[in-house]
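Heads up, data_5.csv below (CSV, C-alpha atoms):
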```
chain,number,residue,atom,x,y,z
A,1,MET,CA,47.1,-7.2,-51.7
A,2,GLU,CA,49.9,-4.7,-50.6
A,3,ASN,CA,51.4,-4.2,-54.1
A,4,LYS,CA,48.0,-3.6,-55.8
A,5,MET,CA,46.9,-1.2,-53.0
A,6,THR,CA,50.1,0.7,-53.2
A,7,GLU,CA,49.8,0.9,-57.0
A,8,ILE,CA,46.3,2.4,-57.0
A,9,LEU,CA,47.2,4.9,-54.3
A,10,LYS,CA,50.2,6.0,-56.4
A,11,ARG,CA,47.9,6.3,-59.4
A,12,GLY,CA,45.6,8.6,-57.4
A,13,LEU,CA,48.6,10.8,-56.8
A,14,LYS,CA,49.7,10.8,-60.4
A,15,GLU,CA,46.2,11.5,-61.6
A,16,LYS,CA,45.9,14.3,-59.0
A,17,VAL,CA,42.9,12.8,-57.3
A,18,TYR,CA,44.4,14.0,-54.1
A,19,PRO,CA,47.7,15.4,-52.8
A,20,GLY,CA,47.8,12.7,-50.1
A,21,ALA,CA,45.9,9.8,-48.7
A,22,VAL,CA,45.7,7.3,-45.8
A,23,LEU,CA,44.1,3.9,-46.5
A,24,LEU,CA,43.3,1.4,-43.8
A,25,ILE,CA,41.8,-2.0,-44.7
A,26,ALA,CA,40.7,-4.6,-42.1
A,27,ARG,CA,39.2,-8.0,-42.0
A,28,GLU,CA,37.3,-8.5,-38.7
A,29,GLU,CA,39.7,-6.9,-36.1
A,30,ASP,CA,42.9,-7.5,-38.1
A,31,ILE,CA,44.4,-4.6,-40.1
A,32,VAL,CA,45.6,-6.1,-43.4
A,33,PHE,CA,46.8,-2.9,-45.1
A,34,PHE,CA,47.6,0.5,-43.5
A,35,HIS,CA,49.5,2.9,-45.7
A,36,ASN,CA,50.1,6.6,-46.1
A,37,MET,CA,51.1,8.3,-49.4
A,38,GLY,CA,51.7,11.8,-50.7
A,39,ASN,CA,51.5,15.1,-48.8
A,40,ARG,CA,49.2,16.4,-46.0
A,41,THR,CA,50.0,19.9,-47.2
A,42,LEU,CA,51.3,21.4,-50.4
A,43,SER,CA,51.2,25.1,-49.4
A,44,PRO,CA,52.5,27.2,-47.8
A,45,ARG,CA,55.0,24.4,-47.3
A,46,SER,CA,55.1,20.8,-48.3
A,47,LEU,CA,54.6,18.3,-45.5
A,48,PRO,CA,54.4,14.5,-45.9
A,49,MET,CA,51.2,12.5,-45.2
A,50,GLU,CA,51.6,10.1,-42.3
A,51,LYS,CA,49.5,7.3,-40.8
A,52,GLU,CA,48.9,9.6,-37.8
A,53,THR,CA,47.7,12.5,-39.9
A,54,ILE,CA,44.6,14.1,-38.5
A,55,PHE,CA,41.8,14.7,-41.0
A,56,ASP,CA,38.9,17.1,-41.1
A,57,LEU,CA,36.2,14.3,-41.4
A,58,ALA,CA,33.4,16.6,-42.6
A,59,SER,CA,30.2,14.7,-42.8
A,60,LEU,CA,31.6,11.6,-41.1
A,61,THR,CA,30.6,13.8,-38.1
A,62,LYS,CA,27.1,12.6,-38.7
A,63,PRO,CA,27.6,8.9,-38.0
A,64,LEU,CA,30.7,9.0,-35.8
A,65,ALA,CA,29.5,11.8,-33.5
A,66,THR,CA,25.9,13.0,-33.6
A,67,THR,CA,24.4,9.6,-34.4
A,68,LEU,CA,26.6,8.0,-31.7
A,69,ALA,CA,25.3,10.4,-29.1
A,70,ALA,CA,21.7,9.7,-30.2
A,71,MET,CA,22.4,5.9,-29.9
A,72,LYS,CA,23.3,6.4,-26.2
A,73,LEU,CA,20.3,8.6,-25.4
A,74,VAL,CA,17.9,6.1,-27.1
A,75,GLU,CA,19.5,3.2,-25.1
A,76,GLU,CA,19.1,5.1,-21.8
A,77,ASN,CA,15.4,5.9,-22.7
A,78,LEU,CA,16.2,9.6,-22.7
A,79,LEU,CA,15.3,9.9,-26.4
A,80,ASP,CA,12.4,8.3,-28.2
A,81,LEU,CA,13.1,8.1,-32.0
A,82,ASP,CA,9.5,8.6,-32.8
A,83,GLU,CA,8.7,11.4,-30.4
A,84,PRO,CA,7.8,14.7,-32.2
A,85,ILE,CA,10.6,17.2,-31.8
A,86,SER,CA,7.9,19.7,-30.8
A,87,SER,CA,7.8,17.9,-27.4
A,88,LEU,CA,11.6,17.9,-27.1
A,89,ILE,CA,12.2,21.6,-27.7
A,90,ASP,CA,10.4,24.1,-25.6
A,91,PRO,CA,9.1,26.6,-26.7
A,92,PHE,CA,8.3,25.2,-30.2
A,93,PRO,CA,6.3,27.7,-32.3
A,94,TRP,CA,7.0,26.1,-35.7
A,95,ARG,CA,3.8,24.2,-36.5
A,96,ASP,CA,4.8,22.9,-39.9
A,97,LYS,CA,7.7,21.0,-38.3
A,98,GLY,CA,5.8,19.6,-35.3
A,99,ASP,CA,5.6,16.1,-36.8
A,100,ILE,CA,9.3,15.7,-37.5
A,101,THR,CA,10.9,13.1,-35.2
A,102,PRO,CA,14.5,12.2,-34.4
A,103,ARG,CA,14.2,9.1,-36.6
A,104,LEU,CA,13.3,11.3,-39.6
A,105,LEU,CA,16.2,13.6,-38.9
A,106,LEU,CA,18.6,10.7,-38.7
A,107,ASN,CA,17.1,9.1,-41.8
A,108,HIS,CA,17.2,12.3,-43.9
A,109,SER,CA,13.4,12.0,-44.4
A,110,SER,CA,12.3,15.1,-42.5
A,111,GLY,CA,11.8,17.3,-45.6
A,112,LEU,CA,14.3,19.9,-44.4
A,113,PRO,CA,16.5,21.6,-47.0
A,114,ASP,CA,20.0,20.1,-47.6
A,115,TRP,CA,22.1,23.2,-46.9
A,116,LYS,CA,21.9,27.0,-46.4
A,117,PRO,CA,24.7,29.5,-46.2
A,118,TYR,CA,24.0,30.7,-42.7
A,119,TYR,CA,27.7,31.6,-42.2
A,120,LEU,CA,27.2,34.7,-44.2
A,121,GLU,CA,24.9,36.1,-41.6
A,122,MET,CA,26.5,34.6,-38.5
A,123,ARG,CA,29.7,36.5,-39.0
A,124,LYS,CA,27.9,39.6,-37.9
A,125,LEU,CA,26.9,38.1,-34.5
A,126,PRO,CA,28.9,37.5,-31.3
A,127,ILE,CA,29.9,33.8,-31.2
A,128,LYS,CA,27.6,32.9,-28.3
A,129,GLU,CA,24.5,34.1,-30.2
A,130,ARG,CA,25.2,32.2,-33.3
A,131,LYS,CA,23.9,28.7,-32.6
A,132,PRO,CA,20.6,29.9,-31.1
A,133,ALA,CA,20.2,32.2,-34.1
A,134,VAL,CA,20.9,29.5,-36.7
A,135,ARG,CA,18.6,27.0,-35.0
A,136,ARG,CA,15.8,29.5,-35.2
A,137,MET,CA,16.6,30.1,-38.9
A,138,ILE,CA,16.6,26.4,-39.6
A,139,MET,CA,13.2,26.0,-38.0
A,140,GLU,CA,11.9,28.9,-40.0
A,141,GLU,CA,13.0,27.4,-43.3
A,142,THR,CA,10.2,26.2,-45.7
A,143,LEU,CA,10.2,22.4,-45.9
A,144,ILE,CA,11.1,21.0,-49.3
A,145,GLU,CA,8.4,18.4,-48.8
A,146,LYS,CA,6.3,17.1,-46.0
A,147,PRO,CA,8.0,14.8,-43.5
A,148,LYS,CA,8.1,11.1,-44.5
A,149,THR,CA,7.5,11.9,-48.2
A,150,VAL,CA,11.0,12.4,-49.6
A,151,SER,CA,14.6,11.3,-49.0
A,152,LEU,CA,16.7,14.4,-49.0
A,153,TYR,CA,20.2,14.5,-47.4
A,154,SER,CA,20.2,17.3,-45.0
A,155,ASP,CA,22.9,19.1,-42.9
A,156,LEU,CA,20.2,21.1,-41.3
A,157,GLY,CA,18.5,18.0,-39.8
A,158,PHE,CA,21.8,17.1,-38.0
A,159,MET,CA,22.2,20.6,-36.8
A,160,ILE,CA,18.8,20.2,-35.1
A,161,LEU,CA,19.8,16.8,-33.7
A,162,GLU,CA,22.7,18.5,-32.0
A,163,TRP,CA,20.3,20.9,-30.4
A,164,ILE,CA,18.1,18.0,-29.1
A,165,ILE,CA,21.1,16.2,-27.7
A,166,GLU,CA,22.1,19.4,-25.8
A,167,VAL,CA,18.6,19.9,-24.4
A,168,ILE,CA,18.5,16.3,-23.1
A,169,THR,CA,22.0,16.0,-21.7
A,170,GLY,CA,22.5,19.5,-20.6
A,171,LYS,CA,26.0,19.3,-22.2
A,172,ASP,CA,27.5,20.4,-25.4
A,173,LEU,CA,27.9,17.6,-28.0
A,174,SER,CA,31.7,17.6,-27.7
A,175,SER,CA,31.8,17.1,-23.9
A,176,PHE,CA,29.1,14.4,-24.1
A,177,LEU,CA,31.0,12.4,-26.7
A,178,ASP,CA,34.4,12.8,-25.1
A,179,ASN,CA,33.1,11.5,-21.7
A,180,THR,CA,30.8,8.8,-23.1
A,181,PHE,CA,32.7,7.3,-26.0
A,182,TYR,CA,36.0,8.9,-27.1
A,183,LYS,CA,37.9,9.0,-23.7
A,184,PRO,CA,36.7,5.5,-22.6
A,185,LEU,CA,37.9,4.1,-25.9
A,186,GLY,CA,41.3,5.9,-25.6
A,187,LEU,CA,40.7,8.0,-28.7
A,188,LYS,CA,43.2,10.8,-28.3
A,189,HIS,CA,42.8,12.1,-31.9
A,190,LEU,CA,39.1,11.9,-32.5
A,191,TYR,CA,37.5,15.2,-31.4
A,192,LEU,CA,35.1,18.0,-32.4
A,193,ASP,CA,36.8,21.2,-33.3
A,194,HIS,CA,35.9,24.2,-31.2
A,195,ILE,CA,37.3,27.6,-30.4
A,196,ASN,CA,38.2,26.7,-26.8
A,197,ARG,CA,40.2,23.7,-27.9
A,198,ASP,CA,44.0,24.0,-27.4
A,199,ALA,CA,45.0,22.5,-30.7
A,200,VAL,CA,48.2,24.4,-31.5
A,201,ASN,CA,50.4,21.3,-31.5
A,202,GLU,CA,47.8,19.4,-33.5
A,203,LYS,CA,47.5,21.9,-36.3
A,204,GLU,CA,50.8,20.7,-37.9
A,205,LEU,CA,49.6,17.1,-37.7
A,206,CYS,CA,46.4,17.9,-39.7
A,207,ALA,CA,45.9,17.5,-43.4
A,208,ALA,CA,45.2,20.9,-45.1
A,209,THR,CA,42.0,21.5,-46.9
A,210,GLU,CA,40.9,24.5,-49.1
A,211,ASP,CA,42.6,27.8,-49.9
A,212,CYS,CA,39.4,29.5,-48.6
A,213,PRO,CA,38.4,32.7,-50.4
A,214,TRP,CA,36.4,34.2,-47.6
A,215,ARG,CA,38.8,33.3,-44.7
A,216,LYS,CA,41.7,34.2,-47.0
A,217,GLU,CA,43.9,31.4,-45.9
A,218,ILE,CA,44.7,27.7,-46.5
A,219,ILE,CA,42.7,25.9,-43.8
A,220,GLN,CA,44.7,23.5,-41.6
A,221,GLY,CA,43.6,22.3,-38.2
A,222,HIS,CA,40.2,24.0,-38.3
A,223,VAL,CA,37.0,22.9,-39.8
A,224,HIS,CA,36.5,23.5,-43.5
A,225,ASP,CA,32.7,23.6,-43.5
A,226,GLU,CA,31.6,27.2,-43.5
A,227,ASN,CA,28.6,26.8,-41.3
A,228,ALA,CA,30.4,24.7,-38.7
A,229,TYR,CA,33.3,27.2,-38.6
A,230,ALA,CA,30.9,30.2,-38.1
A,231,LEU,CA,29.2,28.2,-35.3
A,232,GLY,CA,32.5,27.9,-33.3
A,233,GLY,CA,34.1,24.9,-35.0
A,234,TYR,CA,31.4,22.2,-35.2
A,235,SER,CA,27.7,21.4,-35.3
A,236,GLY,CA,25.8,18.2,-35.6
A,237,HIS,CA,26.7,17.9,-39.3
A,238,ALA,CA,30.4,18.7,-39.5
A,239,GLY,CA,33.5,19.5,-37.3
A,240,LEU,CA,34.8,16.1,-36.3
A,241,PHE,CA,38.6,15.5,-36.7
A,242,GLY,CA,40.3,12.2,-36.5
A,243,THR,CA,43.0,9.7,-37.6
A,244,ALA,CA,42.3,6.4,-39.4
A,245,GLN,CA,43.4,4.4,-36.4
A,246,ASP,CA,41.0,6.1,-34.0
A,247,ILE,CA,38.1,5.7,-36.5
A,248,PHE,CA,39.0,2.0,-36.8
A,249,THR,CA,39.0,1.6,-33.0
A,250,LEU,CA,35.6,3.3,-32.7
A,251,THR,CA,34.0,1.4,-35.6
A,252,THR,CA,35.4,-1.9,-34.5
A,253,ALA,CA,33.7,-1.4,-31.1
A,254,LEU,CA,30.4,-0.7,-32.9
A,255,VAL,CA,30.8,-3.7,-35.2
A,256,ASN,CA,31.6,-6.0,-32.3
A,257,ILE,CA,28.5,-4.8,-30.5
A,258,TYR,CA,26.4,-5.2,-33.7
A,259,HIS,CA,27.5,-8.9,-33.7
A,260,GLY,CA,26.5,-9.5,-30.2
A,261,ASP,CA,29.1,-8.1,-27.8
A,262,ASN,CA,27.1,-6.4,-25.1
A,263,SER,CA,30.1,-5.7,-22.9
A,264,GLY,CA,30.8,-2.5,-24.6
A,265,LEU,CA,29.4,1.1,-24.5
A,266,LEU,CA,26.1,0.2,-26.2
A,267,LYS,CA,23.8,-2.8,-26.5
A,268,SER,CA,23.6,-4.9,-29.7
A,269,LYS,CA,19.9,-4.1,-30.1
A,270,THR,CA,20.5,-0.4,-30.2
A,271,VAL,CA,23.3,-0.6,-32.7
A,272,ARG,CA,21.4,-3.0,-35.0
A,273,THR,CA,18.4,-0.6,-35.0
A,274,PHE,CA,20.6,2.3,-36.1
A,275,LEU,CA,22.6,0.3,-38.7
A,276,SER,CA,19.5,-1.0,-40.5
A,277,ARG,CA,17.6,0.6,-43.4
A,278,GLN,CA,14.4,2.1,-42.1
A,279,GLY,CA,12.1,1.7,-45.1
A,280,ILE,CA,10.4,5.0,-44.5
A,281,ILE,CA,10.9,6.2,-48.0
A,282,PRO,CA,10.7,3.6,-50.8
A,283,GLY,CA,14.1,3.3,-52.5
A,284,SER,CA,16.0,5.2,-49.8
A,285,THR,CA,19.3,3.7,-48.8
A,286,TRP,CA,19.5,5.5,-45.4
A,287,ALA,CA,19.7,3.7,-42.1
A,288,LEU,CA,19.9,6.1,-39.1
A,289,GLY,CA,22.9,8.4,-39.5
A,290,TRP,CA,24.6,5.8,-41.8
A,291,ASP,CA,24.1,5.1,-45.5
A,292,THR,CA,23.9,1.7,-47.1
A,293,PRO,CA,25.0,0.7,-50.7
A,294,SER,CA,22.7,1.7,-53.5
A,295,LYS,CA,22.3,-0.6,-56.5
A,296,ASN,CA,23.9,1.9,-58.8
A,297,ASN,CA,26.7,4.4,-58.5
A,298,SER,CA,27.4,3.7,-54.8
A,299,SER,CA,30.7,5.2,-53.5
A,300,SER,CA,31.3,1.7,-52.0
A,301,GLY,CA,31.6,0.2,-55.5
A,302,ASN,CA,29.8,-3.0,-56.6
A,303,TRP,CA,30.8,-5.7,-54.2
A,304,PHE,CA,29.9,-4.5,-50.7
A,305,SER,CA,26.9,-6.6,-49.6
A,306,SER,CA,23.5,-5.0,-48.9
A,307,ASN,CA,24.4,-5.5,-45.2
A,308,SER,CA,27.0,-2.7,-45.3
A,309,ILE,CA,27.1,0.8,-43.8
A,310,GLY,CA,29.1,3.8,-44.8
A,311,HIS,CA,29.4,7.5,-45.2
A,312,THR,CA,31.5,10.0,-47.1
A,313,GLY,CA,32.8,13.5,-46.3
A,314,PHE,CA,33.2,16.5,-48.5
A,315,THR,CA,36.9,16.9,-47.7
A,316,GLY,CA,37.7,13.5,-49.2
A,317,ALA,CA,37.0,11.2,-46.2
A,318,SER,CA,35.0,7.9,-46.4
A,319,ILE,CA,34.3,4.8,-44.5
A,320,TRP,CA,32.6,1.6,-45.6
A,321,ILE,CA,32.0,-1.5,-43.5
A,322,ASP,CA,30.6,-4.8,-44.8
A,323,LEU,CA,28.9,-6.2,-41.7
A,324,LYS,CA,28.4,-9.6,-43.4
A,325,LYS,CA,31.9,-10.0,-44.8
A,326,ASN,CA,33.5,-8.3,-41.8
A,327,ILE,CA,35.5,-5.9,-44.1
A,328,THR,CA,36.3,-2.3,-43.1
A,329,VAL,CA,37.8,0.3,-45.5
A,330,ILE,CA,38.7,3.7,-44.1
A,331,PHE,CA,39.9,6.0,-46.9
A,332,LEU,CA,41.0,9.5,-45.9
A,333,THR,CA,42.3,12.1,-48.3
A,334,ASN,CA,42.8,15.8,-48.6
A,335,ARG,CA,41.2,16.0,-52.1
A,336,ILE,CA,40.0,19.6,-51.7
A,337,HIS,CA,43.5,20.9,-51.0
A,338,PRO,CA,44.0,23.5,-52.3
A,339,THR,CA,40.7,23.7,-54.2
A,340,ARG,CA,37.2,22.1,-53.9
A,341,SER,CA,36.8,22.0,-57.6
A,342,ASN,CA,38.7,18.7,-57.7
A,343,GLU,CA,36.0,16.0,-57.9
A,344,LYS,CA,38.1,13.1,-59.4
A,345,ILE,CA,37.6,11.1,-56.2
A,346,LYS,CA,34.0,10.4,-57.2
A,347,GLU,CA,35.2,8.0,-59.9
A,348,PHE,CA,38.3,6.9,-58.0
A,349,ARG,CA,36.7,5.8,-54.7
A,350,PRO,CA,34.4,3.1,-56.1
A,351,GLU,CA,37.2,1.7,-58.2
A,352,LEU,CA,39.4,1.5,-55.1
A,353,HIS,CA,36.6,-0.4,-53.2
A,354,ASN,CA,36.1,-2.8,-56.1
A,355,LEU,CA,39.8,-3.6,-56.2
A,356,ILE,CA,39.8,-4.2,-52.5
A,357,MET,CA,36.8,-6.5,-52.6
A,358,ARG,CA,38.4,-8.5,-55.5
A,359,LYS,CA,41.5,-9.0,-53.4
A,360,PHE,CA,39.3,-10.5,-50.7
A,361,GLY,CA,37.8,-12.9,-53.4
A,362,TYR,CA,34.5,-11.0,-54.1
A,363,GLY,CA,33.3,-9.7,-57.5
A,364,LEU,CA,34.7,-10.3,-60.9
```
The structure given in the file should be rewritten as structure tokens.
Amino acid sequence: MENKMTEILKRGLKEKVYPGAVLLIAREEDIVFFHNMGNRTLSPRSLPMEKETIFDLASLTKPLATTLAAMKLVEENLLDLDEPISSLIDPFPWRDKGDITPRLLLNHSSGLPDWKPYYLEMRKLPIKERKPAVRRMIMEETLIEKPKTVSLYSDLGFMILEWIIEVITGKDLSSFLDNTFYKPLGLKHLYLDHINRDAVNEKELCAATEDCPWRKEIIQGHVHDENAYALGGYSGHAGLFGTAQDIFTLTTALVNIYHGDNSGLLKSKTVRTFLSRQGIIPGSTWALGWDTPSKNNSSSGNWFSSNSIGHTGFTGASIWIDLKKNITVIFLTNRIHPTRSNEKIKEFRPELHNLIMRKFGYGL
């Protein structure tokens, strides 16, 4: 396997799919391939990619942070997945959104828009006023469709989930996750970016992202997502940073719980609920906070079983886990460094996954 994996990673460099990458492949709890290649930065100076490089995980924040917090609250009977959010947020004057539930937000079936450029307005406000203002703006958006009628991937839904988690716990999402999951698991390099974080030493360890036209700098060590940045570094949809090893440690714990290990931080029943397709919208591939393989054009390729979960991130990060075959693939790149116009990874990623599965004896 090692030679073939090294070859395809080198090809990704040659074809300028990314400046650098880290690939971790595991069978059950055993890492069978873990390799770094290329550069974590090209400018203002070239620095090599390392296994320990910290990546802006972009939308992997949704499953590895916000969804994780929701799991814990559901398990402790502090959050009912089917309770209208109008009873969770007080006051709640937005009648058209009264029937939206946490399940619909997690499943991307709430009818909320996918994205809005709130950061353009937020720059005018003091930092402490921004999240309350954005939350009001989200709730005042016109729904694309009525709840439970369309599957539409939505950053906005996860920004509202963060709000709900804060209301229930009385803590910010970062503190809740650190104390409940990340610190107990010893995850020193999995964290939500925020303005109060002392990350001076970590910045050099981070993979660079875009040469940002409105921040007028190459972003390194701070969140790339514009809305998350304007909101202080993170929200429920983006802002998580991490290494391949820490992601593997976390997801291995989740997979073990899924398969019946109830000695961990969650119960098997809870994890199984979240990692299963919900069947709310016909044809939707979404579980709760996690995606599953589609029949055509899945980023997982062709050979992950239907009993698989995964997610991608705009910055070039992805994770796919086959719960039946016990295979985990964590593929982290800085594909938007220095420009987001590079989309070659969309074709490269499924090809990589197909090669990996063939090496395990699946597929043609």
Distance query Asp30 (chain A) at most 10 Å, all atoms listed in the file, self and fewer than 5 positions along chain excluded, as a PyMOL selection string: chain A and resi 25+327-328
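Applying the 10 Å criterion to (26.6, -2.5, -34.7) in file coordinates and using all atoms listed in the file, one obtains the residues Thr251, Thr252, Ala253, Leu254, Val255, Asn256, Ile257, Tyr258, His259, Gly260, Asp261, Leu266, Lys267, Ser268, Lys269, Thr270, Val271, Arg272, Thr273, Phe274, Leu275, Ser276, Ile309 and Leu323 of chain A.
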Let's have the selection written as a compact mmCIF listing (two decimals), in the frame of the given file, with C-alpha atoms.
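Contents of selection32.txt, freshly written:
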```txt
# COMPACT_ATOMS: atom_id res chain seq x y z
CA THR A 251 34.00 1.40 -35.60
CA THR A 252 35.40 -1.90 -34.50
CA ALA A 253 33.70 -1.40 -31.10
CA LEU A 254 30.40 -0.70 -32.90
CA VAL A 255 30.80 -3.70 -35.20
CA ASN A 256 31.60 -6.00 -32.30
CA ILE A 257 28.50 -4.80 -30.50
CA TYR A 258 26.40 -5.20 -33.70
CA HIS A 259 27.50 -8.90 -33.70
CA GLY A 260 26.50 -9.50 -30.20
CA ASP A 261 29.10 -8.10 -27.80
CA LEU A 266 26.10 0.20 -26.20
CA LYS A 267 23.80 -2.80 -26.50
CA SER A 268 23.60 -4.90 -29.70
CA LYS A 269 19.90 -4.10 -30.10
CA THR A 270 20.50 -0.40 -30.20
CA VAL A 271 23.30 -0.60 -32.70
CA ARG A 272 21.40 -3.00 -35.00
CA THR A 273 18.40 -0.60 -35.00
CA PHE A 274 20.60 2.30 -36.10
CA LEU A 275 22.60 0.30 -38.70
CA SER A 276 19.50 -1.00 -40.50
CA ILE A 309 27.10 0.80 -43.80
CA LEU A 323 28.90 -6.20 -41.70
```
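Among the candidates A:Leu355, A:Leu68, A:Val17, A:Ile164, the residue lying nearest to Glu83 (chain A) is A:Ile164 (atoms considered: all atoms listed in the file).
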Residues within 6 Å of Phe55 (chain A), only C-alpha atoms, excluding chain neighbours under 5 positions, as a VMD selection string: chain A and resid 206 to 207 241 to 242
Could you take the residues named above and write them with C-alpha atoms, as a PDB file, keeping the file's coordinate frame?
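Everything below was put into selection-v9.pdb:
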```
ATOM      1  CA  CYS A 206      46.400  17.900 -39.700  1.00  0.00           C
ATOM      2  CA  ALA A 207      45.900  17.500 -43.400  1.00  0.00           C
ATOM      3  CA  PHE A 241      38.600  15.500 -36.700  1.00  0.00           C
ATOM      4  CA  GLY A 242      40.300  12.200 -36.500  1.00  0.00           C
TER       5      GLY A 242
END
```
Close residues, His237 (chain A) itself excluded, 6 Å, all atoms listed in the file, min 4 positions apart in chain, as a list in words: Ser59, Thr61, Lys62, Asp155, Phe158 and Met159 of chain A
Expected file contents, prior selection, C-alpha atoms, as a PDB file, in the frame of the given file:
```pdb
ATOM      1  CA  SER A  59      30.200  14.700 -42.800  1.00  0.00           C
ATOM      2  CA  THR A  61      30.600  13.800 -38.100  1.00  0.00           C
ATOM      3  CA  LYS A  62      27.100  12.600 -38.700  1.00  0.00           C
ATOM      4  CA  ASP A 155      22.900  19.100 -42.900  1.00  0.00           C
ATOM      5  CA  PHE A 158      21.800  17.100 -38.000  1.00  0.00           C
ATOM      6  CA  MET A 159      22.200  20.600 -36.800  1.00  0.00           C
TER       7      MET A 159
END
```
Residues near Ala230 (chain A), cut-off 10 Å, only C-alpha atoms, skip fewer than 4 positions along chain, as a tab-separated table (two decimals) with C-alpha atoms, in the coordinates of the input:
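After the write, selection38.tsv holds the following:
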```
chain	number	residue	atom	x	y	z
A	118	TYR	CA	24.00	30.70	-42.70
A	119	TYR	CA	27.70	31.60	-42.20
A	120	LEU	CA	27.20	34.70	-44.20
A	121	GLU	CA	24.90	36.10	-41.60
A	122	MET	CA	26.50	34.60	-38.50
A	123	ARG	CA	29.70	36.50	-39.00
A	124	LYS	CA	27.90	39.60	-37.90
A	125	LEU	CA	26.90	38.10	-34.50
A	127	ILE	CA	29.90	33.80	-31.20
A	130	ARG	CA	25.20	32.20	-33.30
A	131	LYS	CA	23.90	28.70	-32.60
A	223	VAL	CA	37.00	22.90	-39.80
A	225	ASP	CA	32.70	23.60	-43.50
A	226	GLU	CA	31.60	27.20	-43.50
A	234	TYR	CA	31.40	22.20	-35.20
A	235	SER	CA	27.70	21.40	-35.30
```
